[in-house]
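Engineer: Supplied structure: my_file_35.tsv, TSV, C-alpha atoms.
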```
chain	number	residue	atom	x	y	z
A	5	MET	CA	8.67	11.66	-14.24
A	6	ARG	CA	6.16	13.22	-16.62
A	7	PHE	CA	2.89	14.73	-15.42
A	8	THR	CA	0.08	14.06	-17.87
A	9	SER	CA	-2.91	15.83	-16.26
A	10	ALA	CA	-3.82	18.03	-13.30
A	11	THR	CA	-7.16	18.77	-11.64
A	12	THR	CA	-8.21	20.47	-8.40
A	13	SER	CA	-11.19	19.54	-6.23
A	14	ASP	CA	-12.09	20.47	-2.64
A	15	GLY	CA	-8.62	21.83	-1.95
A	16	VAL	CA	-6.79	18.79	-3.33
A	17	VAL	CA	-4.58	18.93	-6.42
A	18	GLU	CA	-4.49	15.62	-8.31
A	19	ARG	CA	-1.73	15.04	-10.87
A	20	ASP	CA	-1.40	11.88	-12.95
A	21	PHE	CA	2.12	10.92	-13.94
A	22	THR	CA	4.15	8.32	-15.77
A	23	LEU	CA	7.67	7.16	-15.01
A	24	GLY	CA	8.78	4.84	-17.76
A	25	GLU	CA	6.14	2.08	-17.69
A	26	ILE	CA	4.90	3.09	-14.23
A	27	THR	CA	1.54	4.90	-14.02
A	28	GLY	CA	0.81	6.88	-10.89
A	29	VAL	CA	-0.96	9.77	-9.24
A	30	LEU	CA	0.14	12.48	-6.82
A	31	TRP	CA	-2.28	14.29	-4.49
A	32	SER	CA	-1.23	17.45	-2.66
A	33	PRO	CA	-2.87	20.35	-0.78
A	34	GLU	CA	-3.89	23.22	-3.02
A	35	ALA	CA	-2.61	25.69	-0.44
A	36	GLY	CA	-0.16	23.48	1.40
A	37	SER	CA	3.40	24.20	2.42
A	38	PRO	CA	6.32	22.66	0.51
A	39	HIS	CA	8.14	19.60	1.86
A	40	ALA	CA	5.05	18.24	3.61
A	41	PRO	CA	5.31	14.58	4.69
A	42	LEU	CA	4.89	12.14	1.81
A	43	VAL	CA	2.68	9.06	2.16
A	44	LEU	CA	2.89	6.15	-0.30
A	45	MET	CA	-0.38	4.23	-0.71
A	46	GLY	CA	-0.80	0.74	-2.15
A	47	HIS	CA	-3.96	-0.74	-3.63
A	48	GLY	CA	-5.54	-4.17	-3.30
A	49	GLY	CA	-5.21	-7.11	-5.68
A	50	GLY	CA	-7.08	-6.71	-8.96
A	51	GLN	CA	-7.62	-3.00	-8.24
A	52	HIS	CA	-5.83	0.22	-9.15
A	53	LYS	CA	-4.41	3.49	-7.86
A	54	LYS	CA	-7.74	5.37	-7.87
A	55	THR	CA	-10.19	2.98	-6.27
A	56	PRO	CA	-12.88	4.83	-4.28
A	57	ALA	CA	-11.48	3.63	-0.95
A	58	LEU	CA	-7.89	4.63	-1.76
A	59	LEU	CA	-9.06	7.94	-3.20
A	60	ALA	CA	-11.01	8.68	-0.02
A	61	ARG	CA	-8.02	7.87	2.20
A	62	ALA	CA	-5.73	10.00	0.05
A	63	HIS	CA	-8.05	13.01	0.18
A	64	HIS	CA	-8.42	12.58	3.94
A	65	ALA	CA	-4.64	12.51	4.40
A	66	VAL	CA	-4.24	15.65	2.29
A	67	THR	CA	-7.07	17.72	3.74
A	68	THR	CA	-6.77	16.61	7.38
A	69	HIS	CA	-3.01	16.30	7.82
A	70	GLY	CA	-1.59	18.33	4.94
A	71	PHE	CA	0.28	15.32	3.53
A	72	THR	CA	1.30	14.74	-0.05
A	73	VAL	CA	0.15	11.29	-1.18
A	74	ALA	CA	1.41	9.12	-4.04
A	75	ALA	CA	0.00	5.89	-5.47
A	76	ILE	CA	1.09	3.77	-8.42
A	77	ASP	CA	-0.54	0.91	-10.30
A	78	ALA	CA	1.04	-2.43	-9.42
A	79	PRO	CA	2.42	-4.40	-12.39
A	80	GLY	CA	-0.44	-5.75	-14.50
A	81	HIS	CA	-3.00	-3.54	-12.72
A	82	GLY	CA	-4.86	-0.34	-13.49
A	83	ASP	CA	-3.55	1.46	-16.55
A	84	ARG	CA	-0.68	-0.95	-17.05
A	85	PRO	CA	-0.66	-3.80	-19.58
A	86	ARG	CA	-0.97	-7.36	-18.35
A	87	THR	CA	1.51	-10.07	-19.12
A	88	ALA	CA	0.55	-13.67	-19.83
A	89	GLU	CA	1.57	-14.43	-16.22
A	90	ASP	CA	-0.84	-11.76	-14.93
A	91	ASP	CA	-3.76	-13.13	-16.96
A	92	GLN	CA	-3.08	-16.73	-15.97
A	93	ALA	CA	-2.76	-15.90	-12.26
A	94	ARG	CA	-6.03	-13.98	-12.27
A	95	ALA	CA	-7.83	-16.80	-14.07
A	96	ASP	CA	-6.41	-19.41	-11.67
A	97	LEU	CA	-7.40	-17.32	-8.65
A	98	ARG	CA	-10.95	-16.74	-9.89
A	99	GLN	CA	-11.41	-20.44	-10.55
A	100	ALA	CA	-10.05	-21.43	-7.15
A	101	MET	CA	-12.41	-19.00	-5.43
A	102	MET	CA	-15.39	-20.24	-7.44
A	103	ASP	CA	-14.48	-23.83	-6.51
A	104	GLY	CA	-14.10	-22.90	-2.85
A	105	ASP	CA	-10.64	-24.47	-2.93
A	106	THR	CA	-8.81	-22.65	-0.15
A	107	GLU	CA	-5.55	-24.52	-0.76
A	108	ALA	CA	-5.52	-23.49	-4.42
A	109	VAL	CA	-6.37	-19.88	-3.47
A	110	ALA	CA	-3.41	-19.87	-1.09
A	111	SER	CA	-1.03	-21.42	-3.62
A	112	VAL	CA	-1.90	-19.00	-6.43
A	113	SER	CA	-1.93	-15.98	-4.11
A	114	VAL	CA	1.52	-16.75	-2.74
A	115	ARG	CA	3.08	-17.45	-6.13
A	116	TYR	CA	1.61	-14.37	-7.80
A	117	GLY	CA	2.14	-12.14	-4.77
A	118	ILE	CA	5.85	-12.94	-4.69
A	119	SER	CA	6.16	-12.18	-8.40
A	120	LEU	CA	4.33	-8.87	-8.07
A	121	ALA	CA	6.43	-7.77	-5.10
A	122	GLU	CA	9.67	-8.59	-6.91
A	123	ARG	CA	8.57	-6.33	-9.74
A	124	ALA	CA	6.87	-3.61	-7.71
A	125	VAL	CA	9.43	-2.86	-4.98
A	126	PRO	CA	12.06	-1.50	-7.41
A	127	GLU	CA	9.30	0.50	-9.14
A	128	TRP	CA	8.25	2.10	-5.84
A	129	GLN	CA	11.88	2.96	-5.10
A	130	ALA	CA	12.33	4.53	-8.53
A	131	THR	CA	9.09	6.48	-8.02
A	132	LEU	CA	10.29	7.69	-4.64
A	133	ASP	CA	13.60	8.80	-6.15
A	134	ALA	CA	11.73	10.79	-8.81
A	135	LEU	CA	9.31	12.34	-6.30
A	136	GLN	CA	12.16	13.52	-4.10
A	137	ARG	CA	13.67	15.32	-7.07
A	138	LEU	CA	10.56	17.51	-7.27
A	139	PRO	CA	11.25	20.89	-5.62
A	140	GLU	CA	7.99	20.83	-3.65
A	141	ILE	CA	8.92	17.48	-2.07
A	142	GLY	CA	12.70	17.36	-1.80
A	143	PRO	CA	15.23	14.86	-0.45
A	144	GLU	CA	14.64	15.50	3.27
A	145	VAL	CA	10.89	14.90	3.37
A	146	SER	CA	9.43	12.49	5.96
A	147	ILE	CA	7.98	9.39	4.28
A	148	GLY	CA	5.36	6.87	5.39
A	149	TYR	CA	3.59	3.91	3.83
A	150	GLY	CA	-0.14	4.09	4.44
A	151	GLY	CA	-3.30	2.22	3.59
A	152	GLY	CA	-1.59	-0.82	2.18
A	153	ILE	CA	-4.28	-3.53	2.33
A	154	THR	CA	-4.00	-7.07	0.86
A	155	LEU	CA	-1.72	-6.70	-2.21
A	156	GLY	CA	-0.68	-3.29	-0.89
A	157	THR	CA	0.71	-5.07	2.15
A	158	GLY	CA	2.19	-7.92	0.11
A	159	ILE	CA	4.24	-5.24	-1.67
A	160	GLY	CA	4.49	-2.76	1.19
A	161	ILE	CA	6.16	-5.10	3.68
A	162	PRO	CA	9.16	-5.99	1.47
A	163	LEU	CA	9.32	-2.35	0.37
A	164	THR	CA	9.42	-1.07	3.95
A	165	ALA	CA	11.96	-3.74	4.91
A	166	ALA	CA	14.23	-2.67	2.04
A	167	GLU	CA	13.65	1.09	2.14
A	168	PRO	CA	15.23	3.06	5.03
A	169	ARG	CA	13.43	6.24	3.93
A	170	ILE	CA	10.08	4.90	5.21
A	171	ALA	CA	9.61	6.01	8.83
A	172	ALA	CA	6.20	4.45	9.66
A	173	ALA	CA	3.77	2.11	7.92
A	174	ILE	CA	0.14	0.98	7.86
A	175	PHE	CA	-0.49	-2.56	6.67
A	176	GLY	CA	-3.53	-4.85	6.56
A	177	GLY	CA	-4.54	-8.49	6.36
A	178	GLY	CA	-6.60	-10.29	3.77
A	179	PHE	CA	-3.90	-12.35	2.04
A	180	VAL	CA	-1.89	-15.53	2.53
A	181	VAL	CA	1.30	-15.04	4.51
A	182	HIS	CA	4.40	-16.84	3.22
A	183	ASP	CA	7.91	-17.34	4.59
A	184	GLY	CA	9.41	-14.52	2.52
A	185	LEU	CA	6.89	-12.05	3.91
A	186	LEU	CA	7.57	-13.20	7.47
A	187	GLU	CA	11.31	-12.74	6.97
A	188	ALA	CA	10.73	-9.23	5.59
A	189	ALA	CA	8.49	-8.39	8.56
A	190	LYS	CA	11.28	-9.40	10.94
A	191	ARG	CA	13.47	-6.69	9.38
A	192	ILE	CA	10.92	-3.92	9.96
A	193	THR	CA	11.58	-1.83	13.06
A	194	VAL	CA	9.60	1.34	12.26
A	195	PRO	CA	6.21	1.93	13.95
A	196	VAL	CA	3.47	-0.23	12.39
A	197	GLN	CA	-0.31	-0.09	12.44
A	198	PHE	CA	-1.97	-3.32	11.25
A	199	LEU	CA	-5.60	-3.75	10.16
A	200	LEU	CA	-7.19	-7.19	10.26
A	201	PRO	CA	-10.53	-8.23	8.67
A	202	TRP	CA	-11.65	-10.75	11.28
A	203	ASP	CA	-14.01	-12.76	9.04
A	204	ASP	CA	-11.97	-13.09	5.84
A	205	GLN	CA	-13.47	-16.04	3.97
A	206	HIS	CA	-10.30	-16.78	2.00
A	207	VAL	CA	-7.52	-16.34	4.56
A	208	GLY	CA	-7.36	-17.63	8.13
A	209	ARG	CA	-6.76	-14.94	10.72
A	210	GLN	CA	-3.98	-16.97	12.36
A	211	SER	CA	-1.61	-16.26	9.47
A	212	ALA	CA	-2.20	-12.52	9.81
A	213	LEU	CA	-1.68	-12.72	13.57
A	214	GLY	CA	1.60	-14.53	12.95
A	215	LEU	CA	2.67	-11.78	10.57
A	216	PHE	CA	1.85	-9.10	13.13
A	217	ASP	CA	3.88	-10.98	15.70
A	218	ALA	CA	6.85	-11.11	13.31
A	219	PHE	CA	7.25	-7.34	13.03
A	220	ALA	CA	10.34	-6.27	14.99
A	221	SER	CA	8.86	-2.83	15.66
A	222	ALA	CA	8.92	-1.56	19.24
A	223	GLU	CA	5.65	0.26	18.49
A	224	LYS	CA	3.03	-1.81	16.68
A	225	THR	CA	-0.75	-1.87	17.02
A	226	LEU	CA	-3.31	-4.39	15.77
A	227	HIS	CA	-6.82	-3.22	14.83
A	228	ALA	CA	-9.27	-6.07	14.24
A	229	ASN	CA	-12.82	-5.41	13.02
A	230	PRO	CA	-15.62	-7.65	11.72
A	231	GLY	CA	-15.52	-7.88	7.95
A	232	ASP	CA	-14.79	-10.19	5.05
A	233	HIS	CA	-12.12	-10.05	2.36
A	234	ARG	CA	-13.54	-6.98	0.64
A	235	THR	CA	-14.94	-5.03	3.60
A	236	ILE	CA	-11.95	-4.10	5.70
A	237	ARG	CA	-13.13	-1.45	8.18
A	238	TRP	CA	-11.12	1.46	9.51
A	239	THR	CA	-13.26	1.74	12.68
A	240	GLY	CA	-11.17	2.54	15.76
A	241	VAL	CA	-7.97	3.12	13.79
A	242	ASP	CA	-5.54	5.70	15.19
A	243	ASP	CA	-6.01	8.45	12.60
A	244	GLY	CA	-3.08	10.41	13.98
A	245	PHE	CA	-0.63	7.52	13.62
A	246	LEU	CA	1.22	8.75	10.52
A	247	ALA	CA	0.98	12.40	11.52
A	248	ARG	CA	2.57	11.60	14.87
A	249	HIS	CA	5.54	9.85	13.29
A	250	LEU	CA	6.03	11.95	10.15
A	251	THR	CA	5.40	15.50	11.39
A	252	PRO	CA	8.20	17.20	13.33
A	253	ALA	CA	7.25	18.23	16.85
```
Rewrite the coordinates I just gave you, this time as structure tokens.
Structural biologist:
Amino acid sequence: MRFTSATTSDGVVERDFTLGEITGVLWSPEAGSPHAPLVLMGHGGGQHKKTPALLARAHHAVTTHGFTVAAIDAPGHGDRPRTAEDDQARADLRQAMMDGDTEAVASVSVRYGISLAERAVPEWQATLDALQRLPEIGPEVSIGYGGGITLGTGIGIPLTAAEPRIAAAIFGGGFVVHDGLLEAAKRITVPVQFLLPWDDQHVGRQSALGLFDAFASAEKTLHANPGDHRTIRWTGVDDGFLARHLTPA
């Protein structure tokens, strides 16, 4: 892991890093204690690791709970180069949305989402390995997955299912659920908080409800709020969810 820049604002230290082809960012308290809980945050489809919404959630987690937060660009997103597959999938998805073809939107979303998850899960695990080698984080740190909406959930669910280091997770709707995602959800037993945009114009809420039902977690909570595909609201969300599960009593 190589840090390429560092800035400090409002008590939050922001450090950009690269790990091979992976581009990421690490936020931490300016005056925080070492070995604070680490939260991994995923971004939405077509977005990147520093979108305003993700940035706001990261700063809130750092300043309110003292967490360290990490985010990386998904393959073909943000500062990473796109492959021909990435460009074609984006073009197909845009066209399907313009045509109002919900079946085509679903087909492209599933195909591309599976491909991205297959590439991104090993990258997140490699990033986590590298972060835990940093002295201020360490191998014993508590780890959560937070703020993973749409693509962040499409990647975050298989990651959480495969990664025993993740102790709690926040996911969200806004994407087409497929059989592979349902099978991964069935392997997740850690506490889960799930956000659902009730009026998503591209994805029926029943698929998201089925995904929530598939989680094997003894503790899981569904938060549904009015909103379309791009306006997922955090109203009424349990802000202490990750702190409760990641911070020692």
Engineer: Which is closest to Glu127 in chain A among A:Asp20, A:Asp203, A:Glu140, A:Asp77, if we use all atoms listed in the file?
Structural biologist: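 Ranked by minimum distance to Glu127 in chain A, first place goes to A:Asp77.
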Engineer: Put the listed atoms of range 134-153 of chain A in a box along x, y and z with 5 Å added on every side and give me the centre and edge lengths in Å to one decimal, as AutoDock Vina command-line options.
Structural biologist:
```
--center_x 5.5 --center_y 8.7 --center_z -1.4 --size_x 29.5 --size_y 34.4 --size_z 24.8
```
Engineer: Could you jot down the CA of Met45 in chain A to CA of Ser111 in chain A separation for me, Å, one decimal place?
Structural biologist: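 About the pair CA of Met45 in chain A and CA of Ser111 in chain A: they are 25.8 Å apart.
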Engineer: CA of Phe71 in chain A to CA of Leu44 in chain A: how many Å, to one decimal?
Structural biologist: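 Separation of CA of Phe71 in chain A and CA of Leu44 in chain A: 10.3 Å.
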Engineer: List every residue of range 153-217 of chain A that has an atom at most 12 Å from any atom of range 49-65 of chain A, giving for each one its closest atom pair and the distance in Å to one decimal, counting all atoms listed in the file, sorted by chain and then by ascending residue number, as JSON lines.
Structural biologist:
```
{"residue": "A:Ile153", "atom": "CA", "partner": "A:Gly49", "partner_atom": "CA", "distance": 8.8}
{"residue": "A:Thr154", "atom": "CA", "partner": "A:Gly49", "partner_atom": "CA", "distance": 6.7}
{"residue": "A:Leu155", "atom": "CA", "partner": "A:Gly49", "partner_atom": "CA", "distance": 4.9}
{"residue": "A:Gly156", "atom": "CA", "partner": "A:Gly49", "partner_atom": "CA", "distance": 7.6}
{"residue": "A:Thr157", "atom": "CA", "partner": "A:Gly49", "partner_atom": "CA", "distance": 10.0}
{"residue": "A:Gly158", "atom": "CA", "partner": "A:Gly49", "partner_atom": "CA", "distance": 9.4}
{"residue": "A:Ile159", "atom": "CA", "partner": "A:Gly49", "partner_atom": "CA", "distance": 10.4}
{"residue": "A:Gly178", "atom": "CA", "partner": "A:Gly49", "partner_atom": "CA", "distance": 10.1}
{"residue": "A:Phe179", "atom": "CA", "partner": "A:Gly49", "partner_atom": "CA", "distance": 9.4}
```
Engineer: A:Thr72, A:Ser119, A:Thr27, A:Thr67: which is nearest Val43 in chain A, counting all atoms listed in the file?
Structural biologist: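 Checking each of A:Thr72, A:Ser119, A:Thr27, A:Thr67 against Val43 in chain A, counting all atoms listed in the file, the winner is A:Thr72.
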Engineer: Do you know which residues are at most 9 Å from Val66 in chain A counting all atoms listed in the file, after dropping those on the same chain fewer than 6 positions away, and could you put them as a PyMOL selection string?
Structural biologist: chain A and resi 15-16+31-33+36+72-73
Engineer: Counting all atoms listed in the file, which of A:Arg84, A:Arg123, A:Lys224, A:Arg169 gets nearest to Leu42 in chain A?
Structural biologist: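 The answer is A:Arg169, which sits nearest to Leu42 in chain A.
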Engineer: Which residue is closest to Arg115 in chain A? Choose from A:His182, A:Arg137, A:His69, A:Arg98 and count only C-alpha atoms.
Structural biologist: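 Using only C-alpha atoms, the shortest distance to Arg115 in chain A belongs to A:His182.
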Engineer: Please list as a list in words every residue within 10 Å of Leu215 in chain A, counting only C-alpha atoms and excluding residues in the same chain fewer than 5 positions away.
Structural biologist: Gly177, Val180, Val181, His182, Asp183, Leu185, Leu186, Glu187, Ala188, Ala189, Lys190, Phe198, Arg209 and Gln210 of chain A
Engineer: Name the residues in contact with Asp133 in chain A at a cut-off of 12 Å, using all atoms listed in the file, excluding same-chain residues fewer than 2 positions from it; report them as a list in words.
Structural biologist: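 After dropping sequence-adjacent residues, the list is Met5, Leu23, Pro126, Glu127, Trp128, Gln129, Ala130, Thr131, Leu135, Gln136, Arg137, Leu138, Ile141, Gly142, Pro143, Glu144, Val145, Ile147, Glu167 and Arg169 of chain A.
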Engineer: How many Å separate CA of Pro201 in chain A from CA of Ala228 in chain A?
Structural biologist: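 Interatomic distance, CA of Pro201 in chain A to CA of Ala228 in chain A: 6.1 Å.
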Engineer: When you count only C-alpha atoms, which of these residues is closest to Glu25 in chain A: A:His47, A:Arg191, A:His81, A:His39?
Structural biologist: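 Nearest to Glu25 in chain A: A:His81.
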Engineer: Of the candidates A:Val194, A:Asp83, A:Gly176, A:Asp217, which shows the shortest atom-to-atom distance to Thr22 in chain A, using all atoms listed in the file?
Structural biologist: A:Asp83
Engineer: Quick one: everything within 9 Å of range 103-109 of chain A, counting all atoms listed in the file, minus sequence neighbours fewer than 6 positions away in the same chain. Send it as a ChimeraX atom specification.
Structural biologist: /A:96-97,180,206-207
Engineer: Could you pull the residues within 9 Å of Gly150 in chain A, counting all atoms listed in the file, minus those fewer than 4 positions along the same chain, as a compact mmCIF listing (two decimals) with C-alpha atoms, in the coordinates of the input?
Structural biologist:
```txt
# COMPACT_ATOMS: atom_id res chain seq x y z
CA VAL A 43 2.68 9.06 2.16
CA LEU A 44 2.89 6.15 -0.30
CA MET A 45 -0.38 4.23 -0.71
CA GLY A 46 -0.80 0.74 -2.15
CA GLY A 160 4.49 -2.76 1.19
CA ALA A 172 6.20 4.45 9.66
CA ALA A 173 3.77 2.11 7.92
CA ILE A 174 0.14 0.98 7.86
CA PHE A 175 -0.49 -2.56 6.67
CA LEU A 246 1.22 8.75 10.52
```
Engineer: Reconstruct N, CA and C atoms of range 160-191 of chain A; output as a short mmCIF file (atom, residue, chain, number, x, y, z; two decimals), in the coordinates of the input.
Structural biologist:
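The result, stored in out.cif:
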```
data_model
loop_
_atom_site.label_atom_id
_atom_site.label_comp_id
_atom_site.auth_asym_id
_atom_site.auth_seq_id
_atom_site.Cartn_x
_atom_site.Cartn_y
_atom_site.Cartn_z
N GLY A 160 4.02 -3.76 0.24
CA GLY A 160 4.49 -2.76 1.19
C GLY A 160 5.44 -3.29 2.24
N ILE A 161 5.26 -4.54 2.68
CA ILE A 161 6.16 -5.10 3.68
C ILE A 161 7.58 -5.26 3.14
N PRO A 162 7.79 -5.92 1.99
CA PRO A 162 9.16 -5.99 1.47
C PRO A 162 9.72 -4.62 1.10
N LEU A 163 8.85 -3.70 0.67
CA LEU A 163 9.32 -2.35 0.37
C LEU A 163 9.82 -1.67 1.63
N THR A 164 9.03 -1.72 2.70
CA THR A 164 9.42 -1.07 3.95
C THR A 164 10.66 -1.72 4.54
N ALA A 165 10.78 -3.04 4.40
CA ALA A 165 11.96 -3.74 4.91
C ALA A 165 13.22 -3.32 4.16
N ALA A 166 13.07 -3.00 2.87
CA ALA A 166 14.23 -2.67 2.04
C ALA A 166 14.52 -1.19 1.97
N GLU A 167 13.56 -0.35 2.40
CA GLU A 167 13.65 1.09 2.14
C GLU A 167 13.80 1.88 3.46
N PRO A 168 15.02 2.33 3.77
CA PRO A 168 15.23 3.06 5.03
C PRO A 168 14.58 4.43 5.07
N ARG A 169 14.09 4.93 3.93
CA ARG A 169 13.43 6.24 3.93
C ARG A 169 12.03 6.19 4.54
N ILE A 170 11.43 5.03 4.65
CA ILE A 170 10.08 4.90 5.21
C ILE A 170 10.16 4.87 6.73
N ALA A 171 9.48 5.84 7.38
CA ALA A 171 9.61 6.01 8.83
C ALA A 171 8.46 5.40 9.62
N ALA A 172 7.35 5.06 8.99
CA ALA A 172 6.20 4.45 9.66
C ALA A 172 5.32 3.84 8.58
N ALA A 173 4.54 2.81 8.95
CA ALA A 173 3.77 2.11 7.92
C ALA A 173 2.45 1.59 8.47
N ILE A 174 1.44 1.59 7.59
CA ILE A 174 0.14 0.98 7.86
C ILE A 174 -0.03 -0.20 6.90
N PHE A 175 -0.27 -1.37 7.46
CA PHE A 175 -0.49 -2.56 6.67
C PHE A 175 -1.86 -3.15 7.00
N GLY A 176 -2.25 -4.22 6.28
CA GLY A 176 -3.53 -4.85 6.56
C GLY A 176 -3.56 -6.28 6.09
N GLY A 177 -4.43 -7.09 6.69
CA GLY A 177 -4.54 -8.49 6.36
C GLY A 177 -5.34 -8.72 5.09
N GLY A 178 -5.80 -9.94 4.93
CA GLY A 178 -6.60 -10.29 3.77
C GLY A 178 -5.82 -10.99 2.69
N PHE A 179 -4.69 -11.63 3.02
CA PHE A 179 -3.90 -12.35 2.04
C PHE A 179 -3.15 -13.46 2.74
N VAL A 180 -2.61 -14.39 1.96
CA VAL A 180 -1.89 -15.53 2.53
C VAL A 180 -0.46 -15.13 2.85
N VAL A 181 -0.05 -15.38 4.08
CA VAL A 181 1.30 -15.04 4.51
C VAL A 181 2.25 -16.18 4.14
N HIS A 182 3.40 -15.83 3.57
CA HIS A 182 4.40 -16.84 3.22
C HIS A 182 5.71 -16.53 3.93
N ASP A 183 6.66 -17.46 3.84
CA ASP A 183 7.91 -17.34 4.59
C ASP A 183 8.69 -16.07 4.22
N GLY A 184 8.68 -15.72 2.94
CA GLY A 184 9.41 -14.52 2.52
C GLY A 184 8.85 -13.27 3.16
N LEU A 185 7.52 -13.21 3.30
CA LEU A 185 6.89 -12.05 3.91
C LEU A 185 7.20 -12.00 5.41
N LEU A 186 7.22 -13.15 6.05
CA LEU A 186 7.57 -13.20 7.47
C LEU A 186 9.01 -12.73 7.69
N GLU A 187 9.92 -13.16 6.83
CA GLU A 187 11.31 -12.74 6.97
C GLU A 187 11.45 -11.24 6.76
N ALA A 188 10.70 -10.68 5.81
CA ALA A 188 10.73 -9.23 5.59
C ALA A 188 10.18 -8.50 6.81
N ALA A 189 9.09 -9.03 7.39
CA ALA A 189 8.49 -8.39 8.56
C ALA A 189 9.48 -8.34 9.72
N LYS A 190 10.29 -9.35 9.86
CA LYS A 190 11.28 -9.40 10.94
C LYS A 190 12.34 -8.31 10.80
N ARG A 191 12.48 -7.74 9.59
CA ARG A 191 13.47 -6.69 9.38
C ARG A 191 12.87 -5.29 9.56
#
```
